[in-house]
>>> print(open('input_20.csv').read())   # CSV, C-alpha atoms
chain,number,residue,atom,x,y,z
A,1,MET,CA,-140.7,81.6,28.1
A,2,ILE,CA,-140.8,79.3,25.0
A,3,ASN,CA,-137.7,77.3,24.3
A,4,ARG,CA,-136.6,76.1,20.9
A,5,GLY,CA,-138.2,72.6,21.4
A,6,ASN,CA,-141.5,74.0,22.4
A,7,GLU,CA,-141.4,76.5,19.6
A,8,LEU,CA,-141.0,73.7,17.0
A,9,LYS,CA,-143.8,71.8,18.6
A,10,LEU,CA,-146.1,74.8,18.4
A,11,GLN,CA,-145.1,75.3,14.8
A,12,LEU,CA,-145.9,71.6,14.0
A,13,VAL,CA,-149.4,71.9,15.4
A,14,ASN,CA,-150.1,75.0,13.3
A,15,PRO,CA,-151.6,73.7,10.0
A,16,GLY,CA,-150.3,76.7,8.0
A,17,ILE,CA,-146.7,76.3,9.2
A,18,LEU,CA,-146.8,72.5,9.0
A,19,GLU,CA,-148.0,72.9,5.4
A,20,ARG,CA,-144.8,74.8,4.6
A,21,TYR,CA,-142.6,72.1,6.2
A,22,ILE,CA,-144.4,69.3,4.3
A,23,LYS,CA,-144.3,71.3,1.0
A,24,ALA,CA,-140.6,71.7,1.4
A,25,LEU,CA,-140.1,67.9,2.1
A,26,SER,CA,-142.5,66.7,-0.6
A,27,PRO,CA,-140.0,66.6,-3.5
A,28,TRP,CA,-137.5,64.8,-1.3
A,29,PHE,CA,-140.1,62.1,-0.5
A,30,CYS,CA,-140.8,61.7,-4.2
A,31,GLY,CA,-137.1,61.4,-5.0
A,32,ALA,CA,-136.4,59.0,-2.2
A,33,PHE,CA,-139.4,56.9,-3.3
A,34,VAL,CA,-138.2,56.6,-6.9
A,35,ILE,CA,-134.6,55.8,-5.9
A,36,SER,CA,-135.6,53.2,-3.3
A,37,LEU,CA,-138.1,51.7,-5.7
A,38,ILE,CA,-135.5,51.2,-8.4
A,39,ILE,CA,-133.1,49.6,-5.9
A,40,GLY,CA,-135.9,47.5,-4.4
A,41,LEU,CA,-137.2,46.2,-7.8
A,42,TRP,CA,-133.7,45.4,-8.9
A,43,PHE,CA,-133.1,43.4,-5.8
A,44,ALA,CA,-136.6,41.8,-5.9
A,45,ILE,CA,-136.6,40.8,-9.5
A,46,PHE,CA,-133.0,40.3,-10.5
A,47,ASN,CA,-130.9,40.0,-7.4
A,48,SER,CA,-132.7,37.7,-5.0
A,49,PRO,CA,-132.8,33.9,-5.2
A,50,PRO,CA,-136.0,31.9,-6.1
A,51,ASP,CA,-137.4,29.9,-3.2
A,52,TYR,CA,-136.5,26.2,-3.0
A,53,LEU,CA,-140.2,25.3,-2.7
A,54,GLN,CA,-142.1,28.2,-4.3
A,55,GLY,CA,-139.7,29.0,-7.1
A,56,GLU,CA,-140.2,32.4,-8.8
A,57,THR,CA,-143.6,32.9,-7.1
A,58,VAL,CA,-141.8,34.1,-4.0
A,59,ARG,CA,-141.1,37.4,-5.7
A,60,ILE,CA,-144.7,38.4,-5.0
A,61,MET,CA,-143.7,38.6,-1.4
A,62,TYR,CA,-141.7,41.8,-2.1
A,63,VAL,CA,-144.9,43.6,-2.9
A,64,HIS,CA,-147.4,41.7,-0.8
A,65,VAL,CA,-145.6,41.9,2.6
A,66,PRO,CA,-144.6,45.6,2.5
A,67,SER,CA,-148.2,46.5,1.4
A,68,ALA,CA,-149.6,44.5,4.4
A,69,TRP,CA,-147.1,46.3,6.8
A,70,MET,CA,-148.1,49.7,5.3
A,71,ALA,CA,-151.8,48.9,5.6
A,72,LEU,CA,-151.4,48.0,9.4
A,73,PHE,CA,-149.0,50.9,10.1
A,74,ILE,CA,-151.3,53.5,8.4
A,75,TYR,CA,-154.3,52.3,10.3
A,76,SER,CA,-152.5,52.3,13.6
A,77,SER,CA,-151.2,55.8,13.0
A,78,MET,CA,-154.8,56.8,12.0
A,79,ALA,CA,-156.1,55.5,15.3
A,80,VAL,CA,-153.4,57.3,17.3
A,81,ALA,CA,-154.2,60.6,15.4
A,82,SER,CA,-158.0,60.0,16.0
A,83,LEU,CA,-157.3,59.6,19.7
A,84,ILE,CA,-155.2,62.7,19.8
A,85,GLY,CA,-157.9,64.6,17.9
A,86,LEU,CA,-160.6,63.5,20.2
A,87,ILE,CA,-158.6,64.4,23.4
A,88,TYR,CA,-157.1,67.7,22.2
A,89,GLY,CA,-159.5,68.5,19.4
A,90,HIS,CA,-156.7,69.4,17.2
A,91,LEU,CA,-157.3,70.0,13.5
A,92,VAL,CA,-154.0,68.5,12.2
A,93,ALA,CA,-154.7,65.1,13.8
A,94,PHE,CA,-158.2,64.9,12.1
A,95,ILE,CA,-156.7,66.1,8.8
A,96,TYR,CA,-154.0,63.5,9.1
A,97,ALA,CA,-156.5,60.6,9.7
A,98,LYS,CA,-158.7,61.8,6.8
A,99,SER,CA,-155.7,62.2,4.4
A,100,VAL,CA,-154.1,58.8,4.9
A,101,ALA,CA,-157.2,56.6,5.0
A,102,PRO,CA,-157.4,56.2,1.1
A,103,ILE,CA,-153.7,55.4,1.0
A,104,GLY,CA,-154.2,52.7,3.6
A,105,ALA,CA,-157.2,51.3,1.7
A,106,VAL,CA,-155.1,51.1,-1.5
A,107,PHE,CA,-152.3,49.3,0.3
A,108,THR,CA,-154.8,46.9,1.8
A,109,LEU,CA,-156.2,46.2,-1.6
A,110,ILE,CA,-152.8,45.6,-3.1
A,111,CYS,CA,-152.1,43.2,-0.2
A,112,LEU,CA,-155.3,41.2,-0.8
A,113,VAL,CA,-155.0,41.0,-4.6
A,114,THR,CA,-151.3,40.1,-4.6
A,115,GLY,CA,-151.9,37.6,-1.8
A,116,SER,CA,-154.7,36.0,-3.9
A,117,LEU,CA,-152.3,35.9,-6.9
A,118,TRP,CA,-149.7,34.2,-4.6
A,119,GLY,CA,-152.3,31.8,-3.1
A,120,LYS,CA,-153.5,30.4,-6.4
A,121,PRO,CA,-150.2,28.8,-7.5
A,122,MET,CA,-149.1,27.9,-3.9
A,123,TRP,CA,-152.4,26.8,-2.2
A,124,GLY,CA,-154.3,25.9,-5.3
A,125,THR,CA,-157.0,28.5,-4.5
A,126,TRP,CA,-157.5,32.2,-5.0
A,127,TRP,CA,-159.2,32.7,-1.6
A,128,VAL,CA,-160.0,31.0,1.7
A,129,TRP,CA,-162.0,32.4,4.6
A,130,ASP,CA,-159.3,31.8,7.1
A,131,ALA,CA,-158.6,34.2,10.0
A,132,ARG,CA,-155.7,36.2,8.5
A,133,LEU,CA,-157.3,36.7,5.1
A,134,THR,CA,-160.7,37.5,6.5
A,135,SER,CA,-159.4,40.0,9.1
A,136,MET,CA,-157.4,41.7,6.3
A,137,PHE,CA,-160.6,41.8,4.2
A,138,ILE,CA,-162.4,43.4,7.1
A,139,LEU,CA,-159.7,46.0,7.4
A,140,LEU,CA,-160.4,47.1,3.8
A,141,PHE,CA,-164.1,47.6,4.7
A,142,ILE,CA,-163.1,49.5,7.9
A,143,TYR,CA,-161.0,51.8,5.7
A,144,ILE,CA,-163.9,52.3,3.3
A,145,GLY,CA,-166.3,52.8,6.2
A,146,PHE,CA,-164.0,55.5,7.7
A,147,ILE,CA,-163.8,57.3,4.3
A,148,ILE,CA,-167.6,57.2,3.9
A,149,VAL,CA,-168.3,58.3,7.5
A,150,SER,CA,-165.7,61.2,7.4
A,151,LYS,CA,-167.3,62.5,4.2
A,152,SER,CA,-170.9,62.1,5.3
A,153,PHE,CA,-171.3,65.3,7.5
A,154,ASN,CA,-171.8,68.8,6.3
A,155,ASP,CA,-170.4,70.0,9.6
A,156,PRO,CA,-166.7,69.1,9.5
A,157,VAL,CA,-166.3,69.2,13.4
A,158,LYS,CA,-169.1,66.6,13.8
A,159,GLY,CA,-167.7,64.5,11.0
A,160,ASP,CA,-164.2,64.6,12.6
A,161,LYS,CA,-165.5,63.3,15.9
A,162,ILE,CA,-167.7,60.6,14.5
A,163,SER,CA,-165.1,59.3,12.1
A,164,SER,CA,-162.4,59.3,14.9
A,165,ILE,CA,-164.7,57.2,17.1
A,166,PHE,CA,-165.2,54.9,14.1
A,167,ALA,CA,-161.4,54.6,13.6
A,168,LEU,CA,-160.8,53.8,17.3
A,169,ILE,CA,-163.5,51.0,17.2
A,170,GLY,CA,-161.9,49.7,14.0
A,171,PHE,CA,-158.5,49.5,15.7
A,172,ILE,CA,-159.7,46.3,17.5
A,173,ASN,CA,-159.1,44.5,14.2
A,174,ILE,CA,-155.3,45.3,14.1
A,175,PRO,CA,-154.2,43.0,16.9
A,176,ILE,CA,-156.6,40.4,15.5
A,177,ILE,CA,-154.8,40.6,12.1
A,178,LYS,CA,-151.4,40.4,13.7
A,179,PHE,CA,-152.1,37.5,16.0
A,180,SER,CA,-154.6,35.6,13.8
A,181,VAL,CA,-151.9,33.3,12.5
A,182,ASP,CA,-150.8,32.3,16.0
A,183,ILE,CA,-154.3,32.0,17.6
A,184,TRP,CA,-156.1,30.1,14.8
A,185,THR,CA,-155.1,27.4,12.4
A,186,THR,CA,-154.7,29.1,9.0
A,187,LEU,CA,-153.4,28.4,5.6
A,188,HIS,CA,-151.4,31.7,5.9
A,189,GLN,CA,-147.9,31.2,7.3
A,190,PRO,CA,-147.0,32.6,10.7
A,191,ALA,CA,-144.7,35.6,11.2
A,192,THR,CA,-141.2,35.3,9.8
A,193,ILE,CA,-139.7,38.7,10.2
A,194,SER,CA,-141.1,40.1,13.5
A,195,LYS,CA,-140.2,37.0,15.5
A,196,LEU,CA,-138.6,37.8,18.9
A,197,ASP,CA,-135.6,35.5,18.0
A,198,THR,CA,-133.8,35.8,14.7
A,199,PRO,CA,-136.0,36.1,11.5
A,200,SER,CA,-136.4,32.8,9.7
A,201,ILE,CA,-135.8,34.5,6.3
A,202,HIS,CA,-132.5,34.5,4.4
A,203,ILE,CA,-130.7,37.8,4.3
A,204,ASP,CA,-130.8,37.7,0.4
A,205,MET,CA,-134.6,37.9,0.7
A,206,LEU,CA,-134.7,40.1,3.7
A,207,ILE,CA,-132.8,43.0,2.0
A,208,PRO,CA,-135.2,43.4,-1.0
A,209,LEU,CA,-138.1,43.1,1.4
A,210,LEU,CA,-136.9,45.9,3.6
A,211,VAL,CA,-135.9,48.1,0.7
A,212,MET,CA,-139.3,47.7,-0.8
A,213,PHE,CA,-140.9,48.6,2.6
A,214,VAL,CA,-138.8,51.8,2.8
A,215,SER,CA,-139.8,52.6,-0.8
A,216,PHE,CA,-143.5,52.2,0.1
A,217,LEU,CA,-143.0,54.3,3.2
A,218,PHE,CA,-141.6,57.2,1.1
A,219,LEU,CA,-144.5,56.7,-1.4
A,220,PHE,CA,-146.9,57.0,1.6
A,221,LEU,CA,-145.2,60.2,2.8
A,222,TYR,CA,-145.3,61.7,-0.8
A,223,ILE,CA,-149.0,60.9,-1.4
A,224,PHE,CA,-149.8,62.0,2.2
A,225,SER,CA,-148.1,65.4,1.5
A,226,ILE,CA,-150.4,65.8,-1.6
A,227,ARG,CA,-153.5,64.8,0.2
A,228,PHE,CA,-152.7,66.9,3.3
A,229,PHE,CA,-152.7,70.2,1.2
A,230,SER,CA,-155.8,69.1,-0.5
A,231,GLU,CA,-157.7,68.4,2.8
A,232,LEU,CA,-156.4,71.6,4.3
A,233,ASN,CA,-157.6,73.6,1.4
A,234,LEU,CA,-161.0,71.9,1.5
A,235,ARG,CA,-161.2,72.8,5.3
A,236,ARG,CA,-160.3,76.4,4.6
A,237,TYR,CA,-163.0,76.5,1.9
A,238,VAL,CA,-165.7,74.9,4.1
A,239,THR,CA,-164.8,77.1,7.1
A,240,TYR,CA,-165.0,80.2,4.9
A,241,THR,CA,-168.3,79.1,3.4
A,242,LEU,CA,-169.8,78.4,6.8
A,243,SER,CA,-168.6,81.6,8.4
A,244,SER,CA,-169.8,83.8,5.5
A,245,LYS,CA,-173.4,82.4,5.7
B,1,MET,CA,-138.1,31.1,-19.0
B,2,PHE,CA,-141.7,32.4,-18.8
B,3,THR,CA,-143.7,30.0,-16.8
B,4,SER,CA,-147.2,30.2,-15.3
B,5,HIS,CA,-145.6,31.1,-12.0
B,6,THR,CA,-143.8,34.1,-13.6
B,7,ALA,CA,-147.2,35.2,-15.0
B,8,PHE,CA,-148.6,35.4,-11.4
B,9,VAL,CA,-145.6,37.4,-10.4
B,10,PHE,CA,-146.0,39.7,-13.4
B,11,LEU,CA,-149.8,40.2,-12.6
B,12,ALA,CA,-149.1,41.0,-9.0
B,13,TYR,CA,-146.5,43.7,-9.8
B,14,LEU,CA,-148.8,45.1,-12.6
B,15,PHE,CA,-151.7,45.3,-10.2
B,16,ALA,CA,-149.6,47.1,-7.5
B,17,PHE,CA,-148.3,49.5,-10.1
B,18,LEU,CA,-151.7,50.4,-11.5
B,19,ALA,CA,-153.2,50.8,-8.0
B,20,ILE,CA,-150.4,53.2,-7.0
B,21,LEU,CA,-150.8,55.1,-10.3
B,22,ILE,CA,-154.5,55.5,-9.8
B,23,LEU,CA,-154.0,56.6,-6.1
B,24,PHE,CA,-151.3,59.1,-7.2
B,25,PHE,CA,-153.5,60.6,-10.1
B,26,SER,CA,-156.7,60.8,-8.0
B,27,SER,CA,-154.8,62.5,-5.1
B,28,THR,CA,-153.2,65.0,-7.5
B,29,LEU,CA,-156.6,65.8,-9.3
B,30,LEU,CA,-158.3,66.2,-5.9
B,31,SER,CA,-155.5,68.5,-4.7
B,32,GLN,CA,-155.9,70.6,-7.9
B,33,LYS,CA,-159.7,70.8,-7.5
B,34,ASN,CA,-159.4,71.9,-3.8
B,35,SER,CA,-156.7,74.5,-4.7
B,36,LYS,CA,-159.2,76.0,-7.2
B,37,LEU,CA,-161.7,76.4,-4.3
B,38,ILE,CA,-159.1,78.5,-2.4
B,39,GLU,CA,-158.5,80.6,-5.5
B,40,LYS,CA,-162.2,81.3,-5.6
B,41,ILE,CA,-162.1,82.6,-2.1
B,42,LYS,CA,-159.1,84.8,-2.9
B,43,GLU,CA,-161.0,86.2,-6.0
B,44,LYS,CA,-164.1,86.9,-3.9
B,45,ASN,CA,-162.0,88.7,-1.2
B,46,ASP,CA,-160.2,90.8,-3.9
>>> encode(input="input_20.csv", output="structure tokens")
Amino acid sequence: MINRGNELKLQLVNPGILERYIKALSPWFCGAFVISLIIGLWFAIFNSPPDYLQGETVRIMYVHVPSAWMALFIYSSMAVASLIGLIYGHLVAFIYAKSVAPIGAVFTLICLVTGSLWGKPMWGTWWVWDARLTSMFILLFIYIGFIIVSKSFNDPVKGDKISSIFALIGFINIPIIKFSVDIWTTLHQPATISKLDTPSIHIDMLIPLLVMFVSFLFLFLYIFSIRFFSELNLRRYVTYTLSSK
Amino acid sequence: MFTSHTAFVFLAYLFAFLAILILFFSSTLLSQKNSKLIEKIKEKND
């Protein structure tokens, strides 16, 4: 006998039913993104203090840090989805990984460019090949590699498997990015928010940072919902074309 | 006062805004393109 919990689980692994859920939630994601972005920008630009050393330049942090978090979060979720896809062979997991990869790549690019724009006035250089910056740069290429590999096969099943293995291999880079500032001597500062003791950032700066992160999270969910339908429709078309041959 | 530091902040926000805008429009266009493929299948089946 199927209880309510199991029934919901079954519905969520059915692409058609999941599509209905996401379609219903999509406008809410968009609305939540717009509202949280307005609040976040107001805090970041008008209602947070300049840094005593960096001055106004510190405001780049409110775009740079949430983008970096999103880039790492999206790649980690892609790797988990790829693993689930490889073990259970489920279509939703493969579609998820393929849908979110371009979003993660854009967040990585935003992180790199805003970091460079922050580095010039603070470090006196646009770029240095230190561990944190280089590992983040490699992440961008891993994202691009995943997108290319996933689109390189006429047979979607084969493409799913190869790109999932690629995503899992690329996951090695995530802990390297996270711990690069602790292991190697870098120009990049060490972690300030995710420290095990209290964060060494003032609450007036922490609030806009977290609001901007929430805003980026809703943006991710909204764009994912668009890309999920798109990928699902493409799969339906490819399956139809292959089966009618 | 608009200083060179403020210019870097402005450029960073502008870049993020443009990148998100391009991501949004490319995703929407791709979604519309793939929806048309499904319409084609429906027309064929009808």
>>> closest_atom_pairs(input="input_20.csv", of="chain A", to="chain B", cutoff="6 Å", atoms="only C-alpha atoms", output="CSV")
residue,atom,partner,partner_atom,distance
A:Thr57,CA,B:His5,CA,5.6
A:Ile60,CA,B:Val9,CA,5.6
A:Ile110,CA,B:Ala16,CA,5.6
A:Thr114,CA,B:Ala12,CA,5.0
A:Leu117,CA,B:Phe8,CA,5.8
A:Arg227,CA,B:Ser27,CA,5.9
A:Ser230,CA,B:Ser31,CA,4.3
A:Asn233,CA,B:Asn34,CA,5.8
A:Leu234,CA,B:Asn34,CA,5.5
>>> atom_distance(input="input_20.csv", atom1="CA of Ile177 in chain A", atom2="CA of Leu86 in chain A")
25.0 Å
>>> atom_distance(input="input_20.csv", atom1="CA of Ser77 in chain A", atom2="CA of Leu168 in chain A")
10.7 Å
>>> atom_distance(input="input_20.csv", atom1="CA of Phe216 in chain A", atom2="CA of Trp184 in chain A")
29.4 Å
>>> closest_residue(input="input_20.csv", among="A:Ile162, A:Met212, A:Ile84, A:Leu219", to="Ile39 in chain A", atoms="only C-alpha atoms")
A:Met212
>>> residues_around(input="input_20.csv", residues="Ala101 in chain A", least_positions_apart="2", cutoff="10 Å", atoms="only C-alpha atoms", output="compact mmCIF listing (two decimals) with C-alpha atoms, in the frame of the given file")
# COMPACT_ATOMS: atom_id res chain seq x y z
CA ALA A 71 -151.80 48.90 5.60
CA ILE A 74 -151.30 53.50 8.40
CA TYR A 75 -154.30 52.30 10.30
CA MET A 78 -154.80 56.80 12.00
CA TYR A 96 -154.00 63.50 9.10
CA ALA A 97 -156.50 60.60 9.70
CA LYS A 98 -158.70 61.80 6.80
CA SER A 99 -155.70 62.20 4.40
CA ILE A 103 -153.70 55.40 1.00
CA GLY A 104 -154.20 52.70 3.60
CA ALA A 105 -157.20 51.30 1.70
CA VAL A 106 -155.10 51.10 -1.50
CA PHE A 107 -152.30 49.30 0.30
CA ILE A 142 -163.10 49.50 7.90
CA TYR A 143 -161.00 51.80 5.70
CA ILE A 144 -163.90 52.30 3.30
CA GLY A 145 -166.30 52.80 6.20
CA PHE A 146 -164.00 55.50 7.70
CA ILE A 147 -163.80 57.30 4.30
CA SER A 150 -165.70 61.20 7.40
CA ALA A 167 -161.40 54.60 13.60
CA PHE A 224 -149.80 62.00 2.20
>>> closest_residue(input="input_20.csv", among="A:Ser116, A:Ser164, A:Thr239, A:Thr108", to="Ile138 in chain A", atoms="only C-alpha atoms")
A:Thr108
